[in-house]
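Okay, final_30.cif is below, mmCIF, C-alpha atoms and all ligand atoms:
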```cif
data_work
#
loop_
_atom_site.label_atom_id
_atom_site.label_comp_id
_atom_site.auth_asym_id
_atom_site.auth_seq_id
_atom_site.Cartn_x
_atom_site.Cartn_y
_atom_site.Cartn_z
CA MET D 1 -21.45 -0.90 -10.98
CA THR D 2 -24.72 -0.52 -9.06
CA SER D 3 -24.63 1.95 -6.19
CA LEU D 4 -22.87 0.74 -3.08
CA PRO D 5 -23.95 1.49 0.50
CA GLY D 6 -21.60 3.99 2.09
CA LEU D 7 -20.82 5.78 -1.17
CA GLU D 8 -22.36 8.97 -2.52
CA PRO D 9 -22.88 9.91 -6.18
CA HIS D 10 -19.67 11.95 -6.22
CA HIS D 11 -17.73 8.83 -5.16
CA GLU D 12 -19.11 6.94 -8.14
CA GLU D 13 -18.12 9.80 -10.45
CA PHE D 14 -14.66 9.67 -8.93
CA ARG D 15 -14.55 5.90 -9.52
CA THR D 16 -15.29 6.44 -13.21
CA ARG D 17 -12.45 8.97 -13.42
CA VAL D 18 -9.95 6.59 -11.79
CA GLN D 19 -11.13 3.68 -13.95
CA GLU D 20 -10.48 5.73 -17.09
CA PHE D 21 -7.02 6.68 -15.85
CA ALA D 22 -6.17 3.09 -14.90
CA ASP D 23 -7.39 1.65 -18.21
CA GLU D 24 -6.07 4.37 -20.51
CA THR D 25 -2.81 5.44 -18.84
CA VAL D 26 -1.66 2.53 -16.67
CA ARG D 27 -2.83 -0.58 -18.56
CA PRO D 28 -0.82 0.09 -21.76
CA VAL D 29 2.50 0.28 -19.86
CA VAL D 30 2.18 -2.62 -17.37
CA GLU D 31 3.50 -5.43 -19.51
CA GLU D 32 6.56 -3.50 -20.67
CA HIS D 33 7.55 -2.37 -17.15
CA GLU D 34 7.04 -5.86 -15.74
CA ARG D 35 9.06 -7.49 -18.51
CA GLU D 36 11.92 -5.01 -18.17
CA GLY D 37 11.74 -4.94 -14.36
CA ARG D 38 11.29 -1.17 -14.39
CA PHE D 39 9.68 0.71 -11.49
CA PRO D 40 7.03 3.05 -12.95
CA VAL D 41 8.38 6.32 -11.59
CA ASP D 42 7.13 7.98 -14.80
CA LEU D 43 3.51 7.22 -13.83
CA VAL D 44 3.72 9.40 -10.73
CA ASP D 45 3.65 12.61 -12.81
CA ASP D 46 0.57 11.27 -14.60
CA LEU D 47 -1.08 10.57 -11.26
CA VAL D 48 -0.35 14.14 -10.13
CA ASP D 49 -1.73 15.59 -13.40
CA ALA D 50 -4.88 13.48 -13.03
CA GLY D 51 -5.40 14.69 -9.43
CA LEU D 52 -4.91 11.15 -8.13
CA TYR D 53 -1.77 11.44 -6.03
CA GLY D 54 -2.21 13.39 -2.79
CA ILE D 55 -5.81 12.19 -2.54
CA THR D 56 -6.33 12.51 1.23
CA ILE D 57 -3.77 15.27 1.78
CA PRO D 58 -5.48 18.56 2.73
CA GLU D 59 -5.73 21.15 -0.04
CA GLU D 60 -3.84 23.66 2.08
CA TYR D 61 -0.74 21.46 1.66
CA GLY D 62 -1.23 20.95 -2.06
CA GLY D 63 -3.29 17.74 -1.88
CA GLU D 64 -6.73 16.89 -3.24
CA GLY D 65 -8.46 17.11 0.16
CA LEU D 66 -10.68 14.10 -0.58
CA ASP D 67 -12.02 11.61 1.94
CA ASN D 68 -10.88 8.11 2.82
CA ARG D 69 -13.57 6.51 0.66
CA SER D 70 -12.07 8.29 -2.36
CA PHE D 71 -8.67 6.93 -1.31
CA GLN D 72 -10.23 3.45 -1.10
CA ILE D 73 -11.70 3.79 -4.59
CA ALA D 74 -8.47 5.11 -6.14
CA VAL D 75 -6.29 2.38 -4.64
CA GLU D 76 -8.80 -0.32 -5.61
CA GLU D 77 -9.20 0.86 -9.21
CA LEU D 78 -5.45 1.26 -9.76
CA SER D 79 -4.81 -2.21 -8.26
CA ARG D 80 -7.44 -3.68 -10.59
CA VAL D 81 -4.95 -2.89 -13.35
CA TRP D 82 -1.54 -2.86 -11.59
CA LYS D 83 -0.66 -2.90 -7.93
CA ILE D 84 2.63 -0.97 -8.10
CA PRO D 85 1.17 2.52 -8.81
CA ALA D 86 -1.54 1.80 -6.23
CA GLY D 87 1.22 1.03 -3.72
CA ILE D 88 2.97 4.32 -4.51
CA VAL D 89 -0.25 6.27 -3.85
CA SER D 90 -0.98 4.20 -0.77
CA VAL D 91 2.35 4.86 0.98
CA THR D 92 2.22 8.58 0.19
CA CYS D 93 -1.36 9.06 1.40
CA SER D 94 -1.21 6.73 4.40
CA LEU D 95 1.96 6.06 6.37
CA VAL D 96 4.01 9.00 5.13
CA GLY D 97 1.33 11.57 4.22
CA THR D 98 -0.88 10.99 7.24
CA SER D 99 2.08 11.16 9.62
CA LEU D 100 3.20 14.49 8.14
CA ALA D 101 -0.30 15.98 7.72
CA LYS D 102 -1.51 15.05 11.20
CA PHE D 103 1.64 15.28 13.28
CA GLY D 104 4.34 17.13 11.32
CA ALA D 105 5.55 20.66 12.08
CA ASP D 106 4.05 23.46 9.98
CA TRP D 107 7.28 23.88 8.01
CA GLN D 108 7.39 20.13 7.27
CA ARG D 109 3.87 20.19 5.86
CA GLU D 110 4.58 23.36 3.94
CA GLU D 111 7.95 22.25 2.51
CA TRP D 112 7.99 18.45 2.49
CA LEU D 113 4.36 17.46 2.12
CA ARG D 114 3.52 20.14 -0.45
CA GLU D 115 6.51 19.18 -2.56
CA ILE D 116 5.69 15.47 -2.32
CA VAL D 117 2.14 15.83 -3.61
CA GLU D 118 2.58 18.77 -5.97
CA THR D 119 5.69 17.54 -7.74
CA GLY D 120 4.97 13.81 -7.51
CA GLN D 121 7.72 12.63 -5.20
CA VAL D 122 7.94 8.93 -4.40
CA THR D 123 7.91 8.22 -0.66
CA ALA D 124 8.99 5.37 1.63
CA LEU D 125 8.66 4.27 5.24
CA SER D 126 11.63 2.41 6.73
CA LEU D 127 10.38 0.49 9.78
CA THR D 128 10.96 -3.28 9.48
CA GLU D 129 14.31 -4.73 10.59
CA PRO D 130 15.77 -8.22 10.26
CA GLU D 131 14.90 -9.00 13.90
CA ALA D 132 11.88 -6.69 14.21
CA GLY D 133 9.12 -7.71 11.81
CA SER D 134 5.69 -8.35 13.34
CA ASP D 135 7.24 -7.30 16.63
CA ALA D 136 8.04 -3.86 15.26
CA ALA D 137 8.45 -2.45 18.77
CA ALA D 138 11.66 -4.49 19.04
CA LEU D 139 13.37 -2.20 16.52
CA GLU D 140 16.99 -1.36 17.28
CA THR D 141 17.84 1.43 14.84
CA SER D 142 19.06 4.39 16.89
CA ALA D 143 19.12 8.12 16.31
CA ARG D 144 21.61 9.65 18.75
CA ARG D 145 21.70 13.38 19.23
CA ASP D 146 24.97 15.11 18.44
CA GLY D 147 24.52 18.89 18.69
CA ASP D 148 21.75 19.85 16.30
CA GLU D 149 21.93 16.59 14.37
CA TYR D 150 20.80 12.99 14.79
CA VAL D 151 23.31 10.29 13.99
CA ILE D 152 21.36 7.29 12.70
CA ASP D 153 22.65 3.71 12.90
CA GLY D 154 20.66 0.62 12.03
CA HIS D 155 19.64 -2.01 9.55
CA LYS D 156 16.27 -2.01 7.77
CA VAL D 157 14.69 -4.47 5.36
CA TRP D 158 11.68 -4.33 3.04
CA THR D 159 11.59 -0.56 2.70
CA SER D 160 9.28 -0.32 -0.33
CA HIS D 161 10.47 2.24 -2.91
CA GLY D 162 13.53 3.03 -0.73
CA GLU D 163 16.20 3.63 -3.36
CA VAL D 164 13.82 5.49 -5.69
CA ALA D 165 12.23 7.56 -2.92
CA ASP D 166 12.56 11.34 -2.95
CA PHE D 167 11.45 11.36 0.67
CA LEU D 168 11.81 8.66 3.31
CA ILE D 169 10.74 8.39 6.92
CA VAL D 170 12.98 6.20 9.07
CA VAL D 171 11.68 4.87 12.39
CA ALA D 172 14.39 4.95 15.08
CA ARG D 173 14.98 5.08 18.81
CA THR D 174 15.93 8.51 20.04
CA ASP D 175 17.81 9.08 23.28
CA ASN D 176 15.00 10.20 25.54
CA ASP D 177 12.83 7.44 26.95
CA GLY D 178 9.87 9.73 27.64
CA GLU D 179 6.32 9.05 28.77
CA HIS D 180 5.38 7.66 25.34
CA GLY D 181 8.54 5.63 24.72
CA ASP D 182 11.58 6.46 22.67
CA VAL D 183 10.56 5.66 19.09
CA SER D 184 10.58 8.61 16.70
CA LEU D 185 9.87 9.25 13.02
CA ILE D 186 12.64 11.11 11.20
CA GLY D 187 12.16 12.58 7.71
CA ILE D 188 15.00 12.26 5.19
CA PRO D 189 14.58 14.14 1.89
CA ASN D 190 16.69 12.70 -0.95
CA PRO D 191 18.05 9.79 1.13
CA GLN D 192 20.37 8.69 -1.72
CA GLU D 193 22.40 11.87 -1.18
CA VAL D 194 22.88 11.39 2.56
CA ASP D 195 26.27 9.96 3.60
CA GLY D 196 25.80 6.84 5.70
CA VAL D 197 22.54 5.74 4.04
CA GLU D 198 23.50 2.68 2.04
CA PHE D 199 21.00 0.93 -0.20
CA VAL D 200 22.44 -2.55 0.18
CA ARG D 201 20.18 -4.30 -2.31
CA ASP D 202 16.78 -4.47 -3.93
CA ILE D 203 15.42 -7.67 -2.37
CA PRO D 204 14.49 -10.07 -5.18
CA CYS D 205 10.89 -11.01 -4.49
CA MET D 206 7.89 -12.97 -5.66
CA GLU D 207 6.12 -9.90 -7.00
CA GLY D 208 8.76 -9.46 -9.71
CA ASP D 209 11.55 -7.06 -10.65
CA ALA D 210 9.51 -3.91 -11.31
CA VAL D 211 8.73 -3.45 -7.62
CA VAL D 212 11.45 -1.99 -5.37
CA GLU D 213 11.95 -3.52 -1.88
CA ASN D 214 15.15 -2.35 -0.24
CA GLU D 215 17.53 -3.52 2.40
CA ILE D 216 19.14 -0.37 3.85
CA LYS D 217 22.01 0.19 6.25
CA TYR D 218 22.21 3.44 8.19
CA GLU D 219 25.79 3.94 9.38
CA GLY D 220 26.43 7.27 11.04
CA ALA D 221 23.87 9.01 8.79
CA ARG D 222 23.46 12.61 9.97
CA VAL D 223 20.21 14.54 9.65
CA PRO D 224 19.11 17.76 11.37
CA VAL D 225 17.24 17.33 14.67
CA GLU D 226 14.42 19.47 13.26
CA ASN D 227 13.65 16.57 10.87
CA VAL D 228 11.86 14.67 13.64
CA VAL D 229 8.17 14.37 12.72
CA GLY D 230 5.95 15.63 15.53
CA GLU D 231 7.32 15.02 18.99
CA GLU D 232 10.32 12.90 19.82
CA GLY D 233 9.26 9.59 21.39
CA ARG D 234 5.72 9.59 19.96
CA GLY D 235 6.61 7.81 16.73
CA PHE D 236 4.90 4.55 17.59
CA LYS D 237 1.65 6.30 18.36
CA TYR D 238 1.82 8.12 15.02
CA ILE D 239 2.52 4.90 13.11
CA MET D 240 -0.40 3.12 14.81
CA SER D 241 -2.69 5.99 13.85
CA ALA D 242 -1.48 5.99 10.22
CA LEU D 243 -1.84 2.20 10.08
CA ASP D 244 -5.63 2.50 10.10
CA ILE D 245 -5.60 4.16 6.71
CA GLY D 246 -2.60 2.04 5.67
CA ARG D 247 -4.62 -1.11 6.27
CA ILE D 248 -7.58 0.32 4.35
CA GLY D 249 -5.06 0.88 1.53
CA ALA D 250 -3.87 -2.74 1.68
CA ALA D 251 -7.48 -3.96 1.78
CA SER D 252 -8.28 -1.82 -1.28
CA GLN D 253 -5.30 -3.33 -3.08
CA GLY D 254 -6.74 -6.77 -2.28
CA VAL D 255 -10.16 -5.82 -3.65
CA GLY D 256 -8.68 -4.36 -6.85
CA ILE D 257 -6.32 -7.29 -7.47
CA ALA D 258 -9.19 -9.74 -6.96
CA GLN D 259 -11.48 -7.75 -9.27
CA GLY D 260 -8.80 -7.63 -11.97
CA ALA D 261 -8.23 -11.39 -11.77
CA MET D 262 -11.97 -12.03 -11.80
CA ASP D 263 -12.53 -9.83 -14.89
CA GLU D 264 -9.84 -11.78 -16.73
CA SER D 265 -11.42 -15.08 -15.65
CA ILE D 266 -14.93 -14.09 -16.77
CA ALA D 267 -13.64 -13.15 -20.22
CA PHE D 268 -11.44 -16.24 -20.53
CA ALA D 269 -14.19 -18.66 -19.45
CA ASP D 270 -16.40 -17.21 -22.18
CA GLU D 271 -13.74 -17.53 -24.90
CA ARG D 272 -12.06 -20.82 -24.11
CA GLU D 273 -13.86 -23.86 -25.46
CA GLN D 274 -13.33 -27.48 -24.47
CA PHE D 275 -15.62 -30.44 -25.17
CA GLY D 276 -17.31 -28.23 -27.79
CA GLN D 277 -18.53 -25.49 -25.47
CA PRO D 278 -17.25 -22.43 -23.58
CA ILE D 279 -15.80 -23.60 -20.26
CA ARG D 280 -18.11 -21.21 -18.38
CA GLU D 281 -20.93 -23.59 -19.21
CA PHE D 282 -19.36 -26.19 -16.93
CA GLN D 283 -20.74 -25.86 -13.44
CA GLY D 284 -17.26 -26.54 -12.04
CA VAL D 285 -16.11 -23.26 -13.63
CA SER D 286 -19.23 -21.14 -13.24
CA PHE D 287 -19.42 -21.86 -9.49
CA LYS D 288 -15.85 -20.63 -9.12
CA LEU D 289 -16.87 -17.39 -10.89
CA ALA D 290 -19.96 -17.08 -8.68
CA ASP D 291 -17.87 -17.46 -5.51
CA MET D 292 -15.33 -14.94 -6.79
CA ALA D 293 -18.06 -12.36 -7.50
CA SER D 294 -19.62 -12.78 -4.05
CA SER D 295 -16.37 -12.60 -2.12
CA VAL D 296 -14.98 -9.63 -4.07
CA GLN D 297 -18.15 -7.67 -3.39
CA ALA D 298 -18.11 -8.62 0.30
CA ALA D 299 -14.47 -7.50 0.57
CA ARG D 300 -15.28 -4.20 -1.15
CA LEU D 301 -18.23 -3.48 1.15
CA LEU D 302 -16.19 -4.25 4.27
CA THR D 303 -13.42 -1.93 3.08
CA ILE D 304 -15.80 0.91 2.24
CA TRP D 305 -17.40 0.45 5.66
CA ALA D 306 -14.01 0.90 7.37
CA ALA D 307 -13.22 3.95 5.22
CA GLN D 308 -16.66 5.47 5.87
CA ASN D 309 -16.17 5.10 9.62
CA LEU D 310 -12.77 6.74 9.35
CA ASP D 311 -14.41 9.58 7.40
CA ALA D 312 -16.92 9.93 10.23
CA GLY D 313 -14.02 10.50 12.63
CA HIS D 314 -14.12 7.15 14.41
CA ARG D 315 -11.09 5.13 15.45
CA VAL D 316 -11.25 2.16 13.09
CA SER D 317 -8.43 -0.14 14.18
CA GLN D 318 -10.70 -3.17 14.32
CA GLN D 319 -12.62 -2.36 11.14
CA ALA D 320 -9.42 -1.64 9.19
CA ALA D 321 -7.88 -4.91 10.42
CA MET D 322 -11.06 -6.80 9.42
CA ALA D 323 -11.07 -5.23 5.96
CA LYS D 324 -7.33 -5.83 5.48
CA THR D 325 -7.46 -9.46 6.53
CA PHE D 326 -10.65 -10.37 4.71
CA ALA D 327 -9.92 -8.52 1.45
CA THR D 328 -6.35 -9.75 1.11
CA ASP D 329 -7.36 -13.35 1.87
CA VAL D 330 -10.05 -12.95 -0.81
CA ALA D 331 -7.39 -11.64 -3.19
CA MET D 332 -5.25 -14.74 -2.59
CA ASP D 333 -8.20 -17.13 -3.03
CA VAL D 334 -9.61 -15.39 -6.10
CA THR D 335 -6.27 -15.07 -7.89
CA THR D 336 -5.45 -18.75 -7.19
CA GLU D 337 -8.79 -19.78 -8.72
CA ALA D 338 -8.23 -17.37 -11.61
CA VAL D 339 -5.01 -19.21 -12.49
CA GLN D 340 -6.91 -22.51 -12.23
CA ILE D 341 -9.67 -21.31 -14.57
CA HIS D 342 -7.01 -20.32 -17.12
CA GLY D 343 -5.42 -23.79 -16.93
CA SER D 344 -1.88 -23.92 -18.32
CA ARG D 345 -2.34 -20.42 -19.76
CA GLY D 346 -2.85 -19.08 -16.24
CA TYR D 347 0.50 -20.52 -15.25
CA SER D 348 2.25 -18.70 -18.10
CA LYS D 349 3.32 -15.08 -18.25
CA ASP D 350 1.29 -14.66 -21.45
CA TYR D 351 -1.77 -13.91 -19.29
CA PRO D 352 -1.91 -11.45 -16.36
CA VAL D 353 -3.49 -13.75 -13.77
CA GLU D 354 -0.16 -15.16 -12.52
CA ARG D 355 0.93 -11.55 -11.82
CA TYR D 356 -2.26 -10.90 -9.84
CA MET D 357 -1.54 -14.04 -7.81
CA ARG D 358 2.00 -12.84 -7.01
CA GLU D 359 0.69 -9.39 -6.09
CA ALA D 360 -1.98 -10.88 -3.82
CA LYS D 361 0.53 -12.80 -1.70
CA GLY D 362 2.34 -9.66 -0.58
CA THR D 363 -0.88 -8.00 0.59
CA GLN D 364 -1.35 -10.77 3.17
CA ILE D 365 2.07 -9.92 4.66
CA TYR D 366 2.54 -6.13 4.74
CA GLU D 367 0.67 -3.56 6.88
CA GLY D 368 0.79 -6.26 9.58
CA THR D 369 0.54 -9.91 8.57
CA ASN D 370 -2.97 -11.31 8.52
CA GLU D 371 -2.17 -13.25 11.69
CA VAL D 372 -1.22 -10.01 13.46
CA ASN D 373 -4.36 -8.32 12.10
CA ARG D 374 -6.47 -11.20 13.42
CA GLN D 375 -4.92 -10.56 16.82
CA VAL D 376 -5.99 -6.91 16.57
CA ILE D 377 -9.55 -7.94 15.66
CA ALA D 378 -9.72 -10.47 18.50
CA GLN D 379 -8.31 -8.03 21.05
CA HIS D 380 -11.08 -5.53 20.24
CA LEU D 381 -13.71 -8.22 20.89
CA TYR D 382 -12.75 -7.91 24.56
CA ASP D 383 -11.64 -4.27 24.77
CA ASP D 384 -14.61 -2.52 23.10
C1 LIG D 401 5.93 -6.73 -0.33
C2 LIG D 401 6.29 -6.21 1.01
C3 LIG D 401 6.38 -4.84 1.20
C4 LIG D 401 6.75 -4.33 2.45
N1 LIG D 401 6.89 -2.97 2.60
C5 LIG D 401 7.39 -2.49 3.77
C6 LIG D 401 7.69 -1.09 3.91
O1 LIG D 401 7.49 -0.29 2.98
N2 LIG D 401 8.25 -0.65 5.06
C7 LIG D 401 8.52 -1.50 6.10
O2 LIG D 401 9.03 -1.02 7.11
N3 LIG D 401 8.21 -2.83 6.02
C8 LIG D 401 7.68 -3.34 4.88
N4 LIG D 401 7.41 -4.69 4.75
C9 LIG D 401 7.70 -5.58 5.87
C10 LIG D 401 6.46 -6.11 6.55
O3 LIG D 401 5.84 -5.11 7.29
C11 LIG D 401 6.88 -7.31 7.40
O4 LIG D 401 7.29 -8.32 6.50
C12 LIG D 401 5.78 -7.82 8.29
O5 LIG D 401 5.53 -6.92 9.33
C13 LIG D 401 6.11 -9.20 8.89
O6 LIG D 401 7.38 -9.23 9.45
P1 LIG D 401 8.37 -10.43 9.05
O7 LIG D 401 8.42 -10.51 7.58
O8 LIG D 401 9.64 -10.22 9.77
O9 LIG D 401 7.66 -11.75 9.56
P2 LIG D 401 7.68 -12.34 11.05
O10 LIG D 401 7.25 -11.30 12.01
O11 LIG D 401 8.97 -13.03 11.28
O12 LIG D 401 6.52 -13.42 10.94
C14 LIG D 401 6.73 -14.75 10.44
C15 LIG D 401 5.40 -15.49 10.58
O13 LIG D 401 5.06 -15.57 11.96
C16 LIG D 401 3.77 -15.02 12.16
N5 LIG D 401 3.72 -14.35 13.45
C17 LIG D 401 4.59 -13.46 13.97
N6 LIG D 401 4.16 -13.02 15.16
C18 LIG D 401 2.98 -13.63 15.38
C19 LIG D 401 2.04 -13.59 16.43
N7 LIG D 401 2.21 -12.81 17.50
N8 LIG D 401 0.92 -14.36 16.31
C20 LIG D 401 0.72 -15.16 15.23
N9 LIG D 401 1.58 -15.23 14.21
C21 LIG D 401 2.69 -14.47 14.28
C22 LIG D 401 3.57 -14.04 11.02
O14 LIG D 401 2.19 -13.78 10.81
C23 LIG D 401 4.24 -14.78 9.89
O15 LIG D 401 3.35 -15.71 9.34
C24 LIG D 401 7.01 -5.22 3.52
C25 LIG D 401 6.88 -6.61 3.33
C26 LIG D 401 6.54 -7.10 2.09
C27 LIG D 401 6.43 -8.59 1.90
#
```
Encoded form using structure tokens:
Amino acid sequence: MTSLPGLEPHHEEFRTRVQEFADETVRPVVEEHEREGRFPVDLVDDLVDAGLYGITIPEEYGGEGLDNRSFQIAVEELSRVWKIPAGIVSVTCSLVGTSLAKFGADWQREEWLREIVETGQVTALSLTEPEAGSDAAALETSARRDGDEYVIDGHKVWTSHGEVADFLIVVARTDNDGEHGDVSLIGIPNPQEVDGVEFVRDIPCMEGDAVVENEIKYEGARVPVENVVGEEGRGFKYIMSALDIGRIGAASQGVGIAQGAMDESIAFADEREQFGQPIREFQGVSFKLADMASSVQAARLLTIWAAQNLDAGHRVSQQAAMAKTFATDVAMDVTTEAVQIHGSRGYSKDYPVERYMREAKGTQIYEGTNEVNRQVIAQHLYDD
């Protein structure tokens, strides 16, 4: 790839390293995991060994201490091959890792965060509820104080990696309605071992059976009060801050998925012959490839721009929302056209483009739907 504005030579070297990992370690196991509906927990150790897990987590807590552009590159290059490992890295570095690294108590960073990134623990963030989706502030899960414990009651849906997570953050209302509200983040190590945390089901979803999306009931689940991340009542502020990098992660997934689908389409259009010539020689096909190439590159540049601004210490809510919306819409468009270019083969599971299309759809919904992200972008047009 030619050099990209916003990246330095060391970023390109890092990209090469992630590409090798994705092609040599991830690619050979995708098909088998997808067919068997198996979550790739085994890949997390490989990510740790390759120095690709706690990418943005400071070195003092066992992470790689790299910048947000490196995170962007890693998530993109993993998604180019398979979105699930990219999603595992994304949750750990963004919503969970950023909340702990920026706002957690020293002991939480030292014990929880270090263990997560050094030993390759899978993480999860349990925010969405049946009646509180886009309107996350309407959440009803409560964490009532009883002595030195919280008693958690509530119902969550779509907690990615929930039942396989070694560490989960649940978002709940605590008793005190302070200056900043009453929403708090509460860390739960080994949630499967906590009485009152019931993994009701793995929601069957479009992406397939290898991904894990849980519905969880919290019924009188007790955790120590010291497990609150940062200050009680500031949870919403922390989530909003972590969402900037979370949305850069989702955007990067979009770029990678689109690039993967485009690579497959370029190769297929060269191989497949109809009417006595490779189909790429038909303008109807080559123009699709040309549009894919332009939009993937535009999405990548927008995402790097958001990550670069975050690296420079700016608040990037609007940029991250722009990157997330644009890149994930590109992913949906490109993967749909990739299936079309493959004809009936694209519609079959013999080729990976139908998987890319299923992966793309989810990216338009999580980390704030693209409608909600458009609202964020529009609001900043007046506020800034
Ligand atoms: C694959 C996947 C993984 C996920 N992972 C997690 C996770 O790990 N943790 C977690 O807590 N949650 C997770 N979620 C949940 C996700 O964050 C929510 O699905 C999302 O916030 C939307 O909420 P909802 O599904 O209830 O849709 P709703 O909020 O009911 O929205 C329905 C439709 O209405 C639109 N809409 C809603 N409000 C507005 C508005 N104000 N203006 C315009 N349009 C609007 C939406 O854009 C959407 O098109 C995941 C979801 C998916 C699909």
**Q.** Two-atom distance - CA of Gly54 (chain D), CA of Val117 (chain D) (Å)
**A.**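 Computed distance, CA of Gly54 (chain D) to CA of Val117 (chain D), equals 5.1 Å.
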Contact check, chain D to ligand LIG 401 (chain D), at most 8 Å, counting only C-alpha atoms and all ligand atoms, closest pairs as JSON lines:
```
{"residue": "D:Val91", "atom": "CA", "partner": "D:LIG401", "partner_atom": "O1", "distance": 7.5}
{"residue": "D:Ala124", "atom": "CA", "partner": "D:LIG401", "partner_atom": "O1", "distance": 6.0}
{"residue": "D:Leu125", "atom": "CA", "partner": "D:LIG401", "partner_atom": "N2", "distance": 4.9}
{"residue": "D:Ser126", "atom": "CA", "partner": "D:LIG401", "partner_atom": "O2", "distance": 4.3}
{"residue": "D:Leu127", "atom": "CA", "partner": "D:LIG401", "partner_atom": "O2", "distance": 3.4}
{"residue": "D:Thr128", "atom": "CA", "partner": "D:LIG401", "partner_atom": "O2", "distance": 3.8}
{"residue": "D:Glu129", "atom": "CA", "partner": "D:LIG401", "partner_atom": "O8", "distance": 7.3}
{"residue": "D:Pro130", "atom": "CA", "partner": "D:LIG401", "partner_atom": "O8", "distance": 6.5}
{"residue": "D:Glu131", "atom": "CA", "partner": "D:LIG401", "partner_atom": "O8", "distance": 6.8}
{"residue": "D:Ala132", "atom": "CA", "partner": "D:LIG401", "partner_atom": "O8", "distance": 6.1}
{"residue": "D:Gly133", "atom": "CA", "partner": "D:LIG401", "partner_atom": "O8", "distance": 3.3}
{"residue": "D:Ser134", "atom": "CA", "partner": "D:LIG401", "partner_atom": "O10", "distance": 3.6}
{"residue": "D:Asp135", "atom": "CA", "partner": "D:LIG401", "partner_atom": "O10", "distance": 6.1}
{"residue": "D:Ala136", "atom": "CA", "partner": "D:LIG401", "partner_atom": "O5", "distance": 7.1}
{"residue": "D:Lys156", "atom": "CA", "partner": "D:LIG401", "partner_atom": "O2", "distance": 7.3}
{"residue": "D:Val157", "atom": "CA", "partner": "D:LIG401", "partner_atom": "N3", "distance": 6.7}
{"residue": "D:Trp158", "atom": "CA", "partner": "D:LIG401", "partner_atom": "C8", "distance": 4.5}
{"residue": "D:Thr159", "atom": "CA", "partner": "D:LIG401", "partner_atom": "N2", "distance": 4.1}
{"residue": "D:Ser160", "atom": "CA", "partner": "D:LIG401", "partner_atom": "O1", "distance": 3.8}
{"residue": "D:His161", "atom": "CA", "partner": "D:LIG401", "partner_atom": "O1", "distance": 7.1}
{"residue": "D:Gly162", "atom": "CA", "partner": "D:LIG401", "partner_atom": "O1", "distance": 7.8}
{"residue": "D:Cys205", "atom": "CA", "partner": "D:LIG401", "partner_atom": "C1", "distance": 7.8}
{"residue": "D:Glu207", "atom": "CA", "partner": "D:LIG401", "partner_atom": "C1", "distance": 7.4}
{"residue": "D:Glu213", "atom": "CA", "partner": "D:LIG401", "partner_atom": "C3", "distance": 6.5}
{"residue": "D:Gly362", "atom": "CA", "partner": "D:LIG401", "partner_atom": "C1", "distance": 4.6}
{"residue": "D:Thr363", "atom": "CA", "partner": "D:LIG401", "partner_atom": "C1", "distance": 7.0}
{"residue": "D:Ile365", "atom": "CA", "partner": "D:LIG401", "partner_atom": "C27", "distance": 5.3}
{"residue": "D:Tyr366", "atom": "CA", "partner": "D:LIG401", "partner_atom": "O3", "distance": 4.3}
{"residue": "D:Glu367", "atom": "CA", "partner": "D:LIG401", "partner_atom": "O3", "distance": 5.4}
{"residue": "D:Gly368", "atom": "CA", "partner": "D:LIG401", "partner_atom": "O5", "distance": 4.8}
{"residue": "D:Thr369", "atom": "CA", "partner": "D:LIG401", "partner_atom": "O14", "distance": 4.8}
{"residue": "D:Asn370", "atom": "CA", "partner": "D:LIG401", "partner_atom": "O14", "distance": 6.2}
{"residue": "D:Glu371", "atom": "CA", "partner": "D:LIG401", "partner_atom": "O14", "distance": 4.5}
{"residue": "D:Val372", "atom": "CA", "partner": "D:LIG401", "partner_atom": "N8", "distance": 5.6}
{"residue": "D:Gln375", "atom": "CA", "partner": "D:LIG401", "partner_atom": "N8", "distance": 7.0}
```
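CA of Val183 (chain D) lies 17.3 Å from CA of Thr98 (chain D).
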Q | Pick from D:Glu219, D:Glu163, D:Glu193, D:Asp263, whichever lies nearest to Phe39 (chain D) using all atoms listed in the file | A |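 Smallest separation from Phe39 (chain D) among the options: D:Glu163.
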Q: Just give me the gap between CA of Gly233 (chain D) and CA of Asp146 (chain D) in Å, one decimal is fine.
A: 16.9 Å
Would you mind putting back N, CA and C atoms on region 204-209 of chain D, then writing it out as a PDB file, keeping the file's coordinate frame?
```
ATOM      1  N   PRO D 204      15.222  -9.387  -4.110  1.00  0.00           N
ATOM      2  CA  PRO D 204      14.490 -10.070  -5.180  1.00  0.00           C
ATOM      3  C   PRO D 204      13.242 -10.718  -4.581  1.00  0.00           C
ATOM      4  N   CYS D 205      12.083 -10.480  -5.156  1.00  0.00           N
ATOM      5  CA  CYS D 205      10.890 -11.010  -4.490  1.00  0.00           C
ATOM      6  C   CYS D 205       9.860 -11.548  -5.470  1.00  0.00           C
ATOM      7  N   MET D 206       8.915 -12.276  -4.901  1.00  0.00           N
ATOM      8  CA  MET D 206       7.890 -12.970  -5.660  1.00  0.00           C
ATOM      9  C   MET D 206       7.133 -12.041  -6.607  1.00  0.00           C
ATOM     10  N   GLU D 207       6.948 -10.799  -6.187  1.00  0.00           N
ATOM     11  CA  GLU D 207       6.120  -9.900  -7.000  1.00  0.00           C
ATOM     12  C   GLU D 207       6.771  -9.587  -8.345  1.00  0.00           C
ATOM     13  N   GLY D 208       8.097  -9.726  -8.431  1.00  0.00           N
ATOM     14  CA  GLY D 208       8.760  -9.460  -9.710  1.00  0.00           C
ATOM     15  C   GLY D 208       9.822  -8.392  -9.560  1.00  0.00           C
ATOM     16  N   ASP D 209      10.409  -7.982 -10.692  1.00  0.00           N
ATOM     17  CA  ASP D 209      11.550  -7.060 -10.650  1.00  0.00           C
ATOM     18  C   ASP D 209      11.149  -5.594 -10.781  1.00  0.00           C
TER      19      ASP D 209
END
```
